[in-house]
Every structure is written in C-alpha cells, then in structure tokens.
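What follows is a short report on a single structure.
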Amino acid sequence: MSKEKDEKVEETMDIKNEEIKDEEIPEEAAEAEASEEAEATEDADGDENEVKEEKDEKDIKIAELEDKFKRLFAEFDNFRKRSETEKAGRFAEGEKTVILKILPLIDNFERALANVPEELKDNAYTTGMEMIYKSFMELLKDLGVTQIEAVGKEFDANLHNAVMHVEDEESPENTVVEEFQKGYMFGDKVIRYSMVKVAN
C-alpha cells in the first residue's frame, strides 16, 4: 500500500513538474519573443538613424555644393566685369595714344595757317588747308577731345604748365597772358597741358 502511495505521489509530482515546465516554457518563449522584438526595434531604430544620418550627410553635401557654385558664379561675374573694365580701359588708352600722336600734326596746321601771308589767305591752297584743319578738329571733338582755355584765365596748375613769368601791369596777377602750345582734355582728363606765360 505504501508503495502504491509512493508511486502515486511520484506520479503526481512528475505531473506537477511537467506542468511547471510547461508553464515556464511559455514565459521563456515570451521573454525570447520580447528580446527579439526589442532587437527588431533597435534594428529599426538603427536603420532609421542610418537613414537620417545619410540624409543629413546628403543635405550637408548639397549645401556645400550650392555654396561652391555660388562662389564660382560670383568669381566668374567679377572676372567678367573686371575684363570688361580692363577692355574699356585699354580701348581708351589706345584712343589717347592715337590722339597724342595727332596733336603735333594739329599744332603744325595751326602754325602754318598763322603764318600764311595776307596775299595768300584767299588762295585755294590755303582754303584747302583750313578745311583739313577744321576736319581734324571736328574729329577730335567727336572723340571727346576739347581744348583747354588759357589766355585771360587764372593760372591753374591742373590745366596749365607755366614756362615763363612776366611782369605785366595791365593783366591781373597770376593770369595767363600768352599761350605757346594748346592744351587738350580727353573726356575729363588732361592729355596735354597748355604751355603758357603767366603774369606776376
């Protein structure tokens, strides 16, 4: 009888142990599932972080490229403007060089016309010379060249070059009384100063 009881007790204990094990397994499984879910969530978070980091890197790269493009565009625009300014400056310098070479020719025309004898002033040759001289002066005017007024004006070191001083009671002090060589301006710049005599 005691053997039977012992066997029954053992069977009962075995059954209970199996029930306990059966109960524990689902808990373990639940824990395993929970840890798998946590890992999956971490992986998802990691993937999201990676995507976000890639997106941030792309945005940074795009901003850098945009900045580089703007700088290059600004540099090119500055280069273009500088080139245009330099080209205009070279053109003006070329004009000035040509004008300076023409001015002695104008001086010679003026000297020749000033020394024409009275009997030859109505001569066809003299008339032709005067017409050529006037054509030259019109050409200079079209190019923006103007004569500097000197005689009777107050001496201005920015416009006149005093090569002689004279005591002249009839003229006010520091006044130009005679012009030896005409001065010219090209636009607003002096390209040749007037050579003058000034009264003290």
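In the structure tokens, each chain is lettered A, B, ... as it comes, each chain's residues begin at 1, and ligands are numbered from 1 in order of appearance.
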
**OP:** With a distance cut-off of 7 Å and only C-alpha atoms, select the neighbouring residues of Met195 (chain A), excluding the residue or stretch itself and same-chain residues fewer than 5 positions from it, and output the selection as a PyMOL selection string.
**Re:** chain A and resi 160-163+179-182

Subject >> Close residues, region 110-124 of chain A itself excluded, 12 Å, only C-alpha atoms, min 4 positions apart in chain, as a PyMOL selection string >> reply: chain A and resi 103-106+128-134+136-137+180-182

**OP:** Once DSSP has gone over the backbone, tell me which residues of region 79-181 of chain A are in strand (DSSP E or B), as a PyMOL selection string.
**Re:** chain A and resi 145-147+154+160-166+175-181

Subject >> Those in region 81-194 of chain A with helix (DSSP H, G or I) from DSSP, as a PyMOL selection string >> reply: chain A and resi 81-114+118-120+124-142

**OP:** Kindly give the distance, in Å, that separates CA of Val98 (chain A) and CA of Thr126 (chain A), rounded to a single decimal.
**Re:**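 Going from CA of Val98 (chain A) over to CA of Thr126 (chain A), I get 26.2 Å.
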
Original post:
Which residue out of A:Ala150, A:Met164, A:Ala92, A:Leu159 has the minimum interatomic distance to Met185 (chain A) when only C-alpha atoms are used?
Top reply: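 Smallest distance to Met185 (chain A) is found for A:Leu159.
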
Subject >> Atom pair CA of Val145 (chain A) / CA of Glu84 (chain A): separation (Å) >> reply: 23.0 Å

Original post:
Which distance in Å separates CA of Leu139 (chain A) and CA of Val196 (chain A), to one decimal?
Top reply: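 Between CA of Leu139 (chain A) and CA of Val196 (chain A) the gap is 25.3 Å.
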
Subject >> Selection: 10 Å around Val190 (chain A), only C-alpha atoms, excl. self and same-chain fewer than 3 positions, as a PyMOL selection string >> reply: chain A and resi 145-148+158-160+183-187+193-194
